[in-house]
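> structure23.cif is reproduced in full below (mmCIF, N, CA and C atoms).
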data_run
#
loop_
_atom_site.label_atom_id
_atom_site.label_comp_id
_atom_site.auth_asym_id
_atom_site.auth_seq_id
_atom_site.Cartn_x
_atom_site.Cartn_y
_atom_site.Cartn_z
N MET A 1 -12.34 -48.66 -8.02
CA MET A 1 -12.75 -47.29 -7.80
C MET A 1 -12.92 -47.05 -6.30
N HIS A 2 -12.41 -45.95 -5.84
CA HIS A 2 -12.45 -45.60 -4.43
C HIS A 2 -13.83 -45.12 -4.05
N LEU A 3 -14.26 -45.46 -2.87
CA LEU A 3 -15.59 -45.13 -2.38
C LEU A 3 -15.82 -43.62 -2.37
N PHE A 4 -14.78 -42.81 -2.08
CA PHE A 4 -14.95 -41.37 -1.95
C PHE A 4 -14.51 -40.60 -3.20
N THR A 5 -14.34 -41.28 -4.30
CA THR A 5 -13.88 -40.63 -5.52
C THR A 5 -14.78 -39.47 -5.93
N ASP A 6 -16.06 -39.65 -5.86
CA ASP A 6 -16.98 -38.61 -6.28
C ASP A 6 -17.01 -37.40 -5.35
N THR A 7 -16.60 -37.54 -4.11
CA THR A 7 -16.65 -36.42 -3.18
C THR A 7 -15.35 -35.62 -3.14
N ARG A 8 -14.28 -36.15 -3.70
CA ARG A 8 -13.00 -35.43 -3.66
C ARG A 8 -13.05 -34.09 -4.37
N PRO A 9 -13.62 -33.99 -5.57
CA PRO A 9 -13.68 -32.68 -6.21
C PRO A 9 -14.47 -31.66 -5.37
N VAL A 10 -15.52 -32.11 -4.72
CA VAL A 10 -16.30 -31.22 -3.87
C VAL A 10 -15.46 -30.76 -2.68
N PHE A 11 -14.74 -31.69 -2.07
CA PHE A 11 -13.89 -31.35 -0.94
C PHE A 11 -12.77 -30.41 -1.37
N ARG A 12 -12.15 -30.67 -2.50
CA ARG A 12 -11.09 -29.79 -3.01
C ARG A 12 -11.63 -28.40 -3.28
N ARG A 13 -12.79 -28.33 -3.90
CA ARG A 13 -13.42 -27.05 -4.18
C ARG A 13 -13.68 -26.31 -2.86
N PHE A 14 -14.17 -27.02 -1.86
CA PHE A 14 -14.40 -26.43 -0.55
C PHE A 14 -13.11 -25.86 0.03
N LEU A 15 -12.00 -26.62 -0.07
CA LEU A 15 -10.72 -26.14 0.45
C LEU A 15 -10.24 -24.90 -0.30
N VAL A 16 -10.38 -24.89 -1.60
CA VAL A 16 -9.95 -23.74 -2.40
C VAL A 16 -10.78 -22.51 -2.04
N ILE A 17 -12.08 -22.67 -1.95
CA ILE A 17 -12.95 -21.55 -1.61
C ILE A 17 -12.65 -21.04 -0.21
N THR A 18 -12.45 -21.95 0.72
CA THR A 18 -12.13 -21.55 2.10
C THR A 18 -10.80 -20.82 2.15
N ALA A 19 -9.80 -21.33 1.45
CA ALA A 19 -8.48 -20.68 1.43
C ALA A 19 -8.58 -19.29 0.81
N ALA A 20 -9.32 -19.16 -0.28
CA ALA A 20 -9.48 -17.86 -0.93
C ALA A 20 -10.20 -16.88 -0.03
N TRP A 21 -11.19 -17.38 0.70
CA TRP A 21 -11.95 -16.52 1.60
C TRP A 21 -11.12 -16.09 2.80
N MET A 22 -10.29 -16.98 3.33
CA MET A 22 -9.50 -16.69 4.52
C MET A 22 -8.22 -15.92 4.24
N ALA A 23 -7.69 -15.99 3.04
CA ALA A 23 -6.40 -15.36 2.73
C ALA A 23 -6.37 -13.88 3.08
N PRO A 24 -7.34 -13.08 2.67
CA PRO A 24 -7.27 -11.66 3.03
C PRO A 24 -7.33 -11.43 4.54
N VAL A 25 -8.11 -12.22 5.22
CA VAL A 25 -8.21 -12.08 6.68
C VAL A 25 -6.88 -12.37 7.33
N LEU A 26 -6.26 -13.46 6.92
CA LEU A 26 -4.99 -13.86 7.51
C LEU A 26 -3.85 -12.94 7.10
N SER A 27 -3.84 -12.47 5.87
CA SER A 27 -2.73 -11.66 5.38
C SER A 27 -2.79 -10.23 5.89
N ASN A 28 -3.92 -9.78 6.41
CA ASN A 28 -4.01 -8.42 6.91
C ASN A 28 -3.61 -8.30 8.37
N ALA A 29 -3.19 -9.39 8.95
CA ALA A 29 -2.75 -9.33 10.35
C ALA A 29 -1.49 -8.51 10.44
N ASP A 30 -1.46 -7.51 11.33
CA ASP A 30 -0.33 -6.61 11.45
C ASP A 30 0.73 -7.11 12.43
N SER A 31 0.59 -8.31 12.95
CA SER A 31 1.51 -8.80 13.96
C SER A 31 2.92 -9.01 13.42
N SER A 32 3.09 -9.14 12.14
CA SER A 32 4.41 -9.43 11.61
C SER A 32 5.02 -8.27 10.83
N VAL A 33 4.41 -7.08 10.88
CA VAL A 33 5.00 -5.96 10.13
C VAL A 33 6.25 -5.46 10.83
N ASP A 34 7.16 -4.95 10.05
CA ASP A 34 8.45 -4.47 10.54
C ASP A 34 8.64 -3.04 10.04
N ILE A 35 8.39 -2.08 10.92
CA ILE A 35 8.47 -0.67 10.53
C ILE A 35 9.87 -0.29 10.07
N GLU A 36 10.89 -0.80 10.74
CA GLU A 36 12.27 -0.49 10.34
C GLU A 36 12.58 -1.05 8.94
N GLN A 37 12.09 -2.23 8.66
CA GLN A 37 12.26 -2.79 7.32
C GLN A 37 11.47 -1.95 6.31
N GLY A 38 10.29 -1.50 6.71
CA GLY A 38 9.49 -0.62 5.85
C GLY A 38 10.20 0.69 5.56
N LYS A 39 10.87 1.23 6.57
CA LYS A 39 11.64 2.46 6.39
C LYS A 39 12.79 2.23 5.40
N ALA A 40 13.50 1.12 5.57
CA ALA A 40 14.62 0.81 4.66
C ALA A 40 14.13 0.62 3.24
N THR A 41 13.02 -0.09 3.08
CA THR A 41 12.45 -0.29 1.74
C THR A 41 12.00 1.04 1.16
N PHE A 42 11.34 1.85 1.98
CA PHE A 42 10.90 3.17 1.52
C PHE A 42 12.08 3.99 1.04
N GLN A 43 13.14 4.04 1.83
CA GLN A 43 14.31 4.83 1.45
C GLN A 43 14.90 4.34 0.13
N ALA A 44 14.92 3.03 -0.07
CA ALA A 44 15.50 2.46 -1.29
C ALA A 44 14.59 2.63 -2.51
N MET A 45 13.30 2.44 -2.33
CA MET A 45 12.38 2.42 -3.47
C MET A 45 11.63 3.74 -3.68
N CYS A 46 11.27 4.40 -2.61
CA CYS A 46 10.34 5.53 -2.70
C CYS A 46 11.00 6.87 -2.40
N GLY A 47 12.08 6.84 -1.63
CA GLY A 47 12.73 8.06 -1.18
C GLY A 47 13.35 8.89 -2.28
N VAL A 48 13.48 8.33 -3.45
CA VAL A 48 14.01 9.08 -4.59
C VAL A 48 13.04 10.19 -5.00
N CYS A 49 11.75 9.92 -4.86
CA CYS A 49 10.72 10.88 -5.28
C CYS A 49 9.97 11.54 -4.12
N HIS A 50 9.82 10.81 -3.01
CA HIS A 50 8.98 11.29 -1.91
C HIS A 50 9.80 11.67 -0.68
N ALA A 51 9.46 12.83 -0.09
CA ALA A 51 10.06 13.24 1.18
C ALA A 51 9.21 12.71 2.34
N VAL A 52 9.87 12.49 3.46
CA VAL A 52 9.17 12.08 4.68
C VAL A 52 9.68 12.91 5.86
N ARG A 53 9.95 14.16 5.60
CA ARG A 53 10.32 15.11 6.65
C ARG A 53 9.62 16.43 6.36
N LEU A 54 9.54 17.28 7.36
CA LEU A 54 8.74 18.49 7.22
C LEU A 54 9.23 19.43 6.13
N THR A 55 10.53 19.57 5.99
CA THR A 55 11.07 20.46 4.97
C THR A 55 12.19 19.76 4.22
N GLY A 56 12.36 20.14 2.97
CA GLY A 56 13.43 19.58 2.16
C GLY A 56 13.12 18.18 1.68
N GLY A 57 14.04 17.67 0.91
CA GLY A 57 13.89 16.32 0.39
C GLY A 57 13.40 16.31 -1.04
N PRO A 58 13.23 15.14 -1.59
CA PRO A 58 12.79 15.01 -2.99
C PRO A 58 11.42 15.64 -3.21
N VAL A 59 11.18 16.08 -4.43
CA VAL A 59 9.90 16.76 -4.73
C VAL A 59 9.21 16.22 -5.98
N GLU A 60 9.67 15.09 -6.51
CA GLU A 60 9.00 14.53 -7.68
C GLU A 60 7.64 13.94 -7.32
N GLY A 61 7.50 13.52 -6.08
CA GLY A 61 6.23 13.03 -5.56
C GLY A 61 5.88 13.85 -4.33
N PRO A 62 4.64 13.76 -3.87
CA PRO A 62 4.25 14.55 -2.70
C PRO A 62 4.93 14.08 -1.43
N ASN A 63 5.04 14.96 -0.47
CA ASN A 63 5.56 14.63 0.84
C ASN A 63 4.58 13.66 1.49
N LEU A 64 5.08 12.60 2.09
CA LEU A 64 4.21 11.56 2.64
C LEU A 64 4.08 11.59 4.15
N VAL A 65 4.55 12.65 4.79
CA VAL A 65 4.32 12.80 6.22
C VAL A 65 2.82 12.99 6.43
N GLY A 66 2.23 12.15 7.25
CA GLY A 66 0.79 12.26 7.52
C GLY A 66 -0.09 11.79 6.38
N VAL A 67 0.43 10.95 5.49
CA VAL A 67 -0.35 10.52 4.32
C VAL A 67 -1.56 9.68 4.71
N VAL A 68 -1.45 8.86 5.74
CA VAL A 68 -2.58 8.03 6.15
C VAL A 68 -3.65 8.95 6.74
N GLY A 69 -4.81 8.91 6.13
CA GLY A 69 -5.93 9.77 6.52
C GLY A 69 -6.10 10.98 5.61
N ARG A 70 -5.16 11.21 4.72
CA ARG A 70 -5.22 12.38 3.83
C ARG A 70 -5.95 12.03 2.54
N GLN A 71 -6.64 12.99 2.00
CA GLN A 71 -7.31 12.86 0.71
C GLN A 71 -6.23 12.77 -0.38
N ALA A 72 -6.38 11.83 -1.29
CA ALA A 72 -5.41 11.67 -2.38
C ALA A 72 -5.39 12.92 -3.24
N GLY A 73 -4.19 13.29 -3.67
CA GLY A 73 -4.04 14.44 -4.55
C GLY A 73 -4.29 15.77 -3.88
N SER A 74 -4.07 15.85 -2.57
CA SER A 74 -4.46 17.07 -1.86
C SER A 74 -3.35 17.78 -1.09
N HIS A 75 -2.11 17.28 -1.13
CA HIS A 75 -1.05 17.96 -0.36
C HIS A 75 -0.88 19.36 -0.93
N PRO A 76 -1.03 20.39 -0.10
CA PRO A 76 -1.01 21.77 -0.61
C PRO A 76 0.33 22.21 -1.20
N ASP A 77 1.41 21.59 -0.81
CA ASP A 77 2.73 22.00 -1.30
C ASP A 77 3.19 21.21 -2.52
N PHE A 78 2.31 20.39 -3.09
CA PHE A 78 2.70 19.59 -4.25
C PHE A 78 1.75 19.90 -5.41
N GLY A 79 2.30 20.35 -6.51
CA GLY A 79 1.48 20.75 -7.64
C GLY A 79 1.55 19.86 -8.86
N LYS A 80 2.18 18.68 -8.74
CA LYS A 80 2.37 17.82 -9.91
C LYS A 80 1.43 16.62 -9.94
N TYR A 81 0.33 16.67 -9.18
CA TYR A 81 -0.61 15.53 -9.19
C TYR A 81 -1.24 15.37 -10.56
N SER A 82 -1.47 14.13 -10.95
CA SER A 82 -2.22 13.86 -12.17
C SER A 82 -3.68 14.22 -11.92
N GLU A 83 -4.37 14.56 -12.96
CA GLU A 83 -5.81 14.84 -12.85
C GLU A 83 -6.54 13.60 -12.33
N ALA A 84 -6.07 12.43 -12.75
CA ALA A 84 -6.69 11.17 -12.31
C ALA A 84 -6.63 11.02 -10.80
N LEU A 85 -5.50 11.33 -10.19
CA LEU A 85 -5.38 11.19 -8.74
C LEU A 85 -6.16 12.29 -8.02
N LYS A 86 -6.10 13.51 -8.54
CA LYS A 86 -6.83 14.61 -7.90
C LYS A 86 -8.33 14.36 -7.88
N THR A 87 -8.84 13.70 -8.89
CA THR A 87 -10.29 13.47 -8.97
C THR A 87 -10.70 12.07 -8.53
N SER A 88 -9.77 11.32 -7.95
CA SER A 88 -10.04 9.93 -7.58
C SER A 88 -10.98 9.79 -6.38
N GLU A 89 -11.08 10.81 -5.56
CA GLU A 89 -11.90 10.78 -4.35
C GLU A 89 -11.44 9.72 -3.35
N LEU A 90 -10.18 9.32 -3.44
CA LEU A 90 -9.61 8.36 -2.49
C LEU A 90 -9.14 9.08 -1.24
N THR A 91 -9.25 8.41 -0.13
CA THR A 91 -8.60 8.84 1.11
C THR A 91 -7.61 7.74 1.44
N TRP A 92 -6.38 8.15 1.72
CA TRP A 92 -5.33 7.17 1.98
C TRP A 92 -5.51 6.54 3.36
N SER A 93 -5.89 5.29 3.34
CA SER A 93 -5.94 4.46 4.54
C SER A 93 -4.93 3.34 4.31
N ARG A 94 -4.73 2.50 5.29
CA ARG A 94 -3.85 1.36 5.09
C ARG A 94 -4.37 0.49 3.94
N GLN A 95 -5.68 0.34 3.88
CA GLN A 95 -6.28 -0.51 2.84
C GLN A 95 -6.12 0.11 1.45
N THR A 96 -6.39 1.42 1.32
CA THR A 96 -6.26 2.02 -0.01
C THR A 96 -4.80 2.09 -0.43
N LEU A 97 -3.90 2.34 0.51
CA LEU A 97 -2.47 2.32 0.17
C LEU A 97 -2.04 0.93 -0.27
N ASP A 98 -2.54 -0.09 0.41
CA ASP A 98 -2.21 -1.47 0.03
C ASP A 98 -2.67 -1.75 -1.39
N GLN A 99 -3.86 -1.36 -1.69
CA GLN A 99 -4.40 -1.59 -3.04
C GLN A 99 -3.63 -0.76 -4.07
N PHE A 100 -3.36 0.50 -3.76
CA PHE A 100 -2.67 1.39 -4.69
C PHE A 100 -1.25 0.91 -4.96
N LEU A 101 -0.52 0.58 -3.91
CA LEU A 101 0.88 0.18 -4.08
C LEU A 101 1.03 -1.18 -4.76
N THR A 102 -0.03 -1.97 -4.76
CA THR A 102 0.00 -3.24 -5.49
C THR A 102 0.14 -2.97 -6.99
N ASN A 103 -0.61 -2.00 -7.48
CA ASN A 103 -0.54 -1.61 -8.89
C ASN A 103 -1.21 -0.25 -9.05
N PRO A 104 -0.46 0.84 -8.86
CA PRO A 104 -1.05 2.19 -8.90
C PRO A 104 -1.80 2.50 -10.19
N MET A 105 -1.23 2.11 -11.32
CA MET A 105 -1.84 2.47 -12.61
C MET A 105 -3.10 1.67 -12.90
N GLU A 106 -3.25 0.53 -12.24
CA GLU A 106 -4.48 -0.23 -12.39
C GLU A 106 -5.58 0.36 -11.51
N MET A 107 -5.21 0.76 -10.30
CA MET A 107 -6.20 1.31 -9.37
C MET A 107 -6.66 2.69 -9.79
N VAL A 108 -5.72 3.53 -10.25
CA VAL A 108 -6.05 4.89 -10.68
C VAL A 108 -5.44 5.08 -12.07
N PRO A 109 -6.15 4.64 -13.11
CA PRO A 109 -5.62 4.83 -14.46
C PRO A 109 -5.34 6.30 -14.73
N GLY A 110 -4.14 6.57 -15.21
CA GLY A 110 -3.74 7.94 -15.47
C GLY A 110 -2.87 8.54 -14.38
N THR A 111 -2.66 7.81 -13.29
CA THR A 111 -1.77 8.32 -12.25
C THR A 111 -0.34 8.39 -12.80
N LEU A 112 0.45 9.25 -12.22
CA LEU A 112 1.84 9.39 -12.64
C LEU A 112 2.77 8.51 -11.80
N MET A 113 2.22 7.83 -10.82
CA MET A 113 3.01 6.98 -9.91
C MET A 113 3.40 5.69 -10.63
N PRO A 114 4.71 5.52 -10.94
CA PRO A 114 5.12 4.35 -11.70
C PRO A 114 5.52 3.15 -10.84
N MET A 115 5.79 3.36 -9.56
CA MET A 115 6.34 2.31 -8.70
C MET A 115 5.23 1.44 -8.13
N LEU A 116 5.46 0.14 -8.12
CA LEU A 116 4.53 -0.77 -7.48
C LEU A 116 5.31 -1.71 -6.59
N ILE A 117 4.62 -2.23 -5.57
CA ILE A 117 5.23 -3.16 -4.63
C ILE A 117 4.36 -4.41 -4.61
N PRO A 118 4.66 -5.40 -5.45
CA PRO A 118 3.79 -6.56 -5.56
C PRO A 118 3.80 -7.50 -4.35
N ASP A 119 4.86 -7.50 -3.56
CA ASP A 119 4.97 -8.42 -2.43
C ASP A 119 4.19 -7.89 -1.23
N TYR A 120 3.26 -8.70 -0.71
CA TYR A 120 2.41 -8.26 0.40
C TYR A 120 3.22 -7.84 1.63
N ALA A 121 4.17 -8.66 2.07
CA ALA A 121 4.92 -8.36 3.29
C ALA A 121 5.72 -7.07 3.14
N THR A 122 6.34 -6.86 2.01
CA THR A 122 7.10 -5.64 1.76
C THR A 122 6.17 -4.44 1.80
N ARG A 123 5.04 -4.57 1.13
CA ARG A 123 4.03 -3.50 1.10
C ARG A 123 3.53 -3.19 2.50
N ALA A 124 3.25 -4.23 3.28
CA ALA A 124 2.74 -4.04 4.64
C ALA A 124 3.76 -3.30 5.50
N ASN A 125 5.03 -3.62 5.33
CA ASN A 125 6.09 -2.93 6.08
C ASN A 125 6.17 -1.46 5.70
N VAL A 126 6.12 -1.16 4.41
CA VAL A 126 6.17 0.23 3.94
C VAL A 126 4.95 1.00 4.45
N ILE A 127 3.79 0.40 4.39
CA ILE A 127 2.57 1.06 4.85
C ILE A 127 2.62 1.30 6.35
N ALA A 128 3.13 0.35 7.12
CA ALA A 128 3.29 0.53 8.57
C ALA A 128 4.24 1.69 8.85
N TYR A 129 5.31 1.79 8.07
CA TYR A 129 6.24 2.91 8.22
C TYR A 129 5.54 4.23 7.90
N LEU A 130 4.82 4.28 6.79
CA LEU A 130 4.12 5.52 6.43
C LEU A 130 3.09 5.89 7.49
N ALA A 131 2.39 4.90 8.02
CA ALA A 131 1.39 5.17 9.05
C ALA A 131 2.02 5.70 10.33
N SER A 132 3.29 5.39 10.55
CA SER A 132 3.97 5.86 11.76
C SER A 132 4.44 7.31 11.65
N LEU A 133 4.41 7.86 10.46
CA LEU A 133 4.92 9.22 10.24
C LEU A 133 3.86 10.26 10.59
N GLN A 134 4.15 11.04 11.58
CA GLN A 134 3.27 12.13 11.97
C GLN A 134 4.09 13.42 11.89
N ALA A 135 3.43 14.52 11.65
CA ALA A 135 4.11 15.80 11.46
C ALA A 135 5.06 16.13 12.61
N ALA A 136 4.69 15.84 13.84
CA ALA A 136 5.51 16.17 14.99
C ALA A 136 6.77 15.31 15.07
N GLN A 137 6.76 14.13 14.47
CA GLN A 137 7.87 13.19 14.58
C GLN A 137 8.87 13.27 13.43
N SER A 138 8.56 13.96 12.39
CA SER A 138 9.32 13.78 11.14
C SER A 138 10.37 14.85 10.91
N ALA A 139 11.28 14.99 11.81
CA ALA A 139 12.39 15.92 11.63
C ALA A 139 13.63 15.19 11.13
N GLU A 140 13.46 13.94 10.67
CA GLU A 140 14.60 13.11 10.23
C GLU A 140 15.40 13.76 9.15
#
Hey, can you dump this file as structure tokens for me?


Amino acid sequence: MHLFTDTRPVFRRFLVITAAWMAPVLSNADSSVDIEQGKATFQAMCGVCHAVRLTGGPVEGPNLVGVVGRQAGSHPDFGKYSEALKTSELTWSRQTLDQFLTNPMEMVPGTLMPMLIPDYATRANVIAYLASLQAAQSAE
């Protein structure tokens, strides 16, 4: 029997707890986001329903120009919000978008948003792209 046999489970537990505690801190680092990749992903996955320009574009989902900082379910030109999203009291920040895009129907049961982005890096890129969209810049 090894001298440290009894301490290994404690050490392993310590490593697991430390890794679980540090993962969100490490994964939220924005140093590796790629806005251009986020734009490409957005166009492929989200652009079917959501516009990202001041006028025109798809209308199945709300226009996402200036979405970061906006109250959920509040775009004045979009009338198809679910009651669940309108009453969610969410404000779209990078963190709430990250949580929502991971699994929209879990975060806001009753939302009409069917698309989810389970991969953290892909989600981070899309969110960085959305955060870069300001009303003055979006004549694309």

> Tell me which protein, DNA and RNA residues are within 8 Å of Gly61 of chain A, counting all atoms listed in the file, leaving out same-chain ones fewer than 3 positions away, and put them as a ChimeraX atom specification.

/A:48-51,58,64,78-81

> Could you check how far atom N of Gly73 of chain A sits from atom N of Leu85 of chain A, in Å to one decimal?

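Taking atom N of Gly73 of chain A as the start and atom N of Leu85 of chain A as the end point, the length is 6.9 Å.
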
> For Lys39 of chain A, which residue among A:Val67, A:Val59, A:Ile127, A:Leu116 is the nearest when counting all atoms listed in the file?

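Smallest separation from Lys39 of chain A among the options: A:Ile127.
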
> One number please: atom CA of Asn63 of chain A to atom CA of Asp77 of chain A, in Å, one decimal.

8.2 Å

> Can you tell me, as number ranges by chain, what residues are no more than 6 Å from Arg70 of chain A when counting all atoms listed in the file, ignoring any on the same chain fewer than 2 positions away?

A: 66-68, 72, 90-92

> Between atom N of Lys86 of chain A and atom N of Ile35 of chain A, what is the distance, to one decimal in Å?

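According to the coordinates, atom N of Lys86 of chain A and atom N of Ile35 of chain A are separated by 28.8 Å.
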
> Of the residues A:Gln134, A:Gly69, A:Thr111, A:Glu106, which is the one nearest to Ser93 of chain A, using all atoms listed in the file?

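That would be A:Gly69, the residue with the smallest distance to Ser93 of chain A.
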
> Place a sphere of radius 10 Å on (-3.2, 5.2, -8.9) in the file coordinates and name every protein, DNA or RNA residue with an atom inside or on its surface, counting only C-alpha atoms; give the answer as a PDB file with N, CA and C atoms, in the coordinates of the input.


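Once everything was written out, this is out.pdb:
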ATOM      1  N   ALA A  72      -6.380  11.830  -1.290  1.00  0.00           N
ATOM      2  CA  ALA A  72      -5.410  11.670  -2.380  1.00  0.00           C
ATOM      3  C   ALA A  72      -5.390  12.920  -3.240  1.00  0.00           C
ATOM      4  N   SER A  82      -1.470  14.130 -10.950  1.00  0.00           N
ATOM      5  CA  SER A  82      -2.220  13.860 -12.170  1.00  0.00           C
ATOM      6  C   SER A  82      -3.680  14.220 -11.920  1.00  0.00           C
ATOM      7  N   ALA A  84      -6.070  12.430 -12.750  1.00  0.00           N
ATOM      8  CA  ALA A  84      -6.690  11.170 -12.310  1.00  0.00           C
ATOM      9  C   ALA A  84      -6.630  11.020 -10.800  1.00  0.00           C
ATOM     10  N   LEU A  85      -5.500  11.330 -10.190  1.00  0.00           N
ATOM     11  CA  LEU A  85      -5.380  11.190  -8.740  1.00  0.00           C
ATOM     12  C   LEU A  85      -6.160  12.290  -8.020  1.00  0.00           C
ATOM     13  N   SER A  88      -9.770  11.320  -7.950  1.00  0.00           N
ATOM     14  CA  SER A  88     -10.040   9.930  -7.580  1.00  0.00           C
ATOM     15  C   SER A  88     -10.980   9.790  -6.380  1.00  0.00           C
ATOM     16  N   LEU A  90     -10.180   9.320  -3.440  1.00  0.00           N
ATOM     17  CA  LEU A  90      -9.610   8.360  -2.490  1.00  0.00           C
ATOM     18  C   LEU A  90      -9.140   9.080  -1.240  1.00  0.00           C
ATOM     19  N   THR A  96      -6.390   1.420   1.320  1.00  0.00           N
ATOM     20  CA  THR A  96      -6.260   2.020  -0.010  1.00  0.00           C
ATOM     21  C   THR A  96      -4.800   2.090  -0.430  1.00  0.00           C
ATOM     22  N   LEU A  97      -3.900   2.340   0.510  1.00  0.00           N
ATOM     23  CA  LEU A  97      -2.470   2.320   0.170  1.00  0.00           C
ATOM     24  C   LEU A  97      -2.040   0.930  -0.270  1.00  0.00           C
ATOM     25  N   GLN A  99      -3.860  -1.360  -1.690  1.00  0.00           N
ATOM     26  CA  GLN A  99      -4.400  -1.590  -3.040  1.00  0.00           C
ATOM     27  C   GLN A  99      -3.630  -0.760  -4.070  1.00  0.00           C
ATOM     28  N   PHE A 100      -3.360   0.500  -3.760  1.00  0.00           N
ATOM     29  CA  PHE A 100      -2.670   1.390  -4.690  1.00  0.00           C
ATOM     30  C   PHE A 100      -1.250   0.910  -4.960  1.00  0.00           C
ATOM     31  N   LEU A 101      -0.520   0.580  -3.910  1.00  0.00           N
ATOM     32  CA  LEU A 101       0.880   0.180  -4.080  1.00  0.00           C
ATOM     33  C   LEU A 101       1.030  -1.180  -4.760  1.00  0.00           C
ATOM     34  N   THR A 102      -0.030  -1.970  -4.760  1.00  0.00           N
ATOM     35  CA  THR A 102       0.000  -3.240  -5.490  1.00  0.00           C
ATOM     36  C   THR A 102       0.140  -2.970  -6.990  1.00  0.00           C
ATOM     37  N   ASN A 103      -0.610  -2.000  -7.480  1.00  0.00           N
ATOM     38  CA  ASN A 103      -0.540  -1.610  -8.890  1.00  0.00           C
ATOM     39  C   ASN A 103      -1.210  -0.250  -9.050  1.00  0.00           C
ATOM     40  N   PRO A 104      -0.460   0.840  -8.860  1.00  0.00           N
ATOM     41  CA  PRO A 104      -1.050   2.190  -8.900  1.00  0.00           C
ATOM     42  C   PRO A 104      -1.800   2.500 -10.190  1.00  0.00           C
ATOM     43  N   MET A 105      -1.230   2.110 -11.320  1.00  0.00           N
ATOM     44  CA  MET A 105      -1.840   2.470 -12.610  1.00  0.00           C
ATOM     45  C   MET A 105      -3.100   1.670 -12.900  1.00  0.00           C
ATOM     46  N   GLU A 106      -3.250   0.530 -12.240  1.00  0.00           N
ATOM     47  CA  GLU A 106      -4.480  -0.230 -12.390  1.00  0.00           C
ATOM     48  C   GLU A 106      -5.580   0.360 -11.510  1.00  0.00           C
ATOM     49  N   MET A 107      -5.210   0.760 -10.300  1.00  0.00           N
ATOM     50  CA  MET A 107      -6.200   1.310  -9.370  1.00  0.00           C
ATOM     51  C   MET A 107      -6.660   2.690  -9.790  1.00  0.00           C
ATOM     52  N   VAL A 108      -5.720   3.530 -10.250  1.00  0.00           N
ATOM     53  CA  VAL A 108      -6.050   4.890 -10.680  1.00  0.00           C
ATOM     54  C   VAL A 108      -5.440   5.080 -12.070  1.00  0.00           C
ATOM     55  N   PRO A 109      -6.150   4.640 -13.110  1.00  0.00           N
ATOM     56  CA  PRO A 109      -5.620   4.830 -14.460  1.00  0.00           C
ATOM     57  C   PRO A 109      -5.340   6.300 -14.730  1.00  0.00           C
ATOM     58  N   GLY A 110      -4.140   6.570 -15.210  1.00  0.00           N
ATOM     59  CA  GLY A 110      -3.740   7.940 -15.470  1.00  0.00           C
ATOM     60  C   GLY A 110      -2.870   8.540 -14.380  1.00  0.00           C
ATOM     61  N   THR A 111      -2.660   7.810 -13.290  1.00  0.00           N
ATOM     62  CA  THR A 111      -1.770   8.320 -12.250  1.00  0.00           C
ATOM     63  C   THR A 111      -0.340   8.390 -12.800  1.00  0.00           C
ATOM     64  N   LEU A 112       0.450   9.250 -12.220  1.00  0.00           N
ATOM     65  CA  LEU A 112       1.840   9.390 -12.640  1.00  0.00           C
ATOM     66  C   LEU A 112       2.770   8.510 -11.800  1.00  0.00           C
ATOM     67  N   MET A 113       2.220   7.830 -10.820  1.00  0.00           N
ATOM     68  CA  MET A 113       3.010   6.980  -9.910  1.00  0.00           C
ATOM     69  C   MET A 113       3.400   5.690 -10.630  1.00  0.00           C
ATOM     70  N   PRO A 114       4.710   5.520 -10.940  1.00  0.00           N
ATOM     71  CA  PRO A 114       5.120   4.350 -11.700  1.00  0.00           C
ATOM     72  C   PRO A 114       5.520   3.150 -10.840  1.00  0.00           C
ATOM     73  N   MET A 115       5.790   3.360  -9.560  1.00  0.00           N
ATOM     74  CA  MET A 115       6.340   2.310  -8.700  1.00  0.00           C
ATOM     75  C   MET A 115       5.230   1.440  -8.130  1.00  0.00           C
ATOM     76  N   LEU A 116       5.460   0.140  -8.120  1.00  0.00           N
ATOM     77  CA  LEU A 116       4.530  -0.770  -7.480  1.00  0.00           C
ATOM     78  C   LEU A 116       5.310  -1.710  -6.590  1.00  0.00           C
TER      79      LEU A 116
END
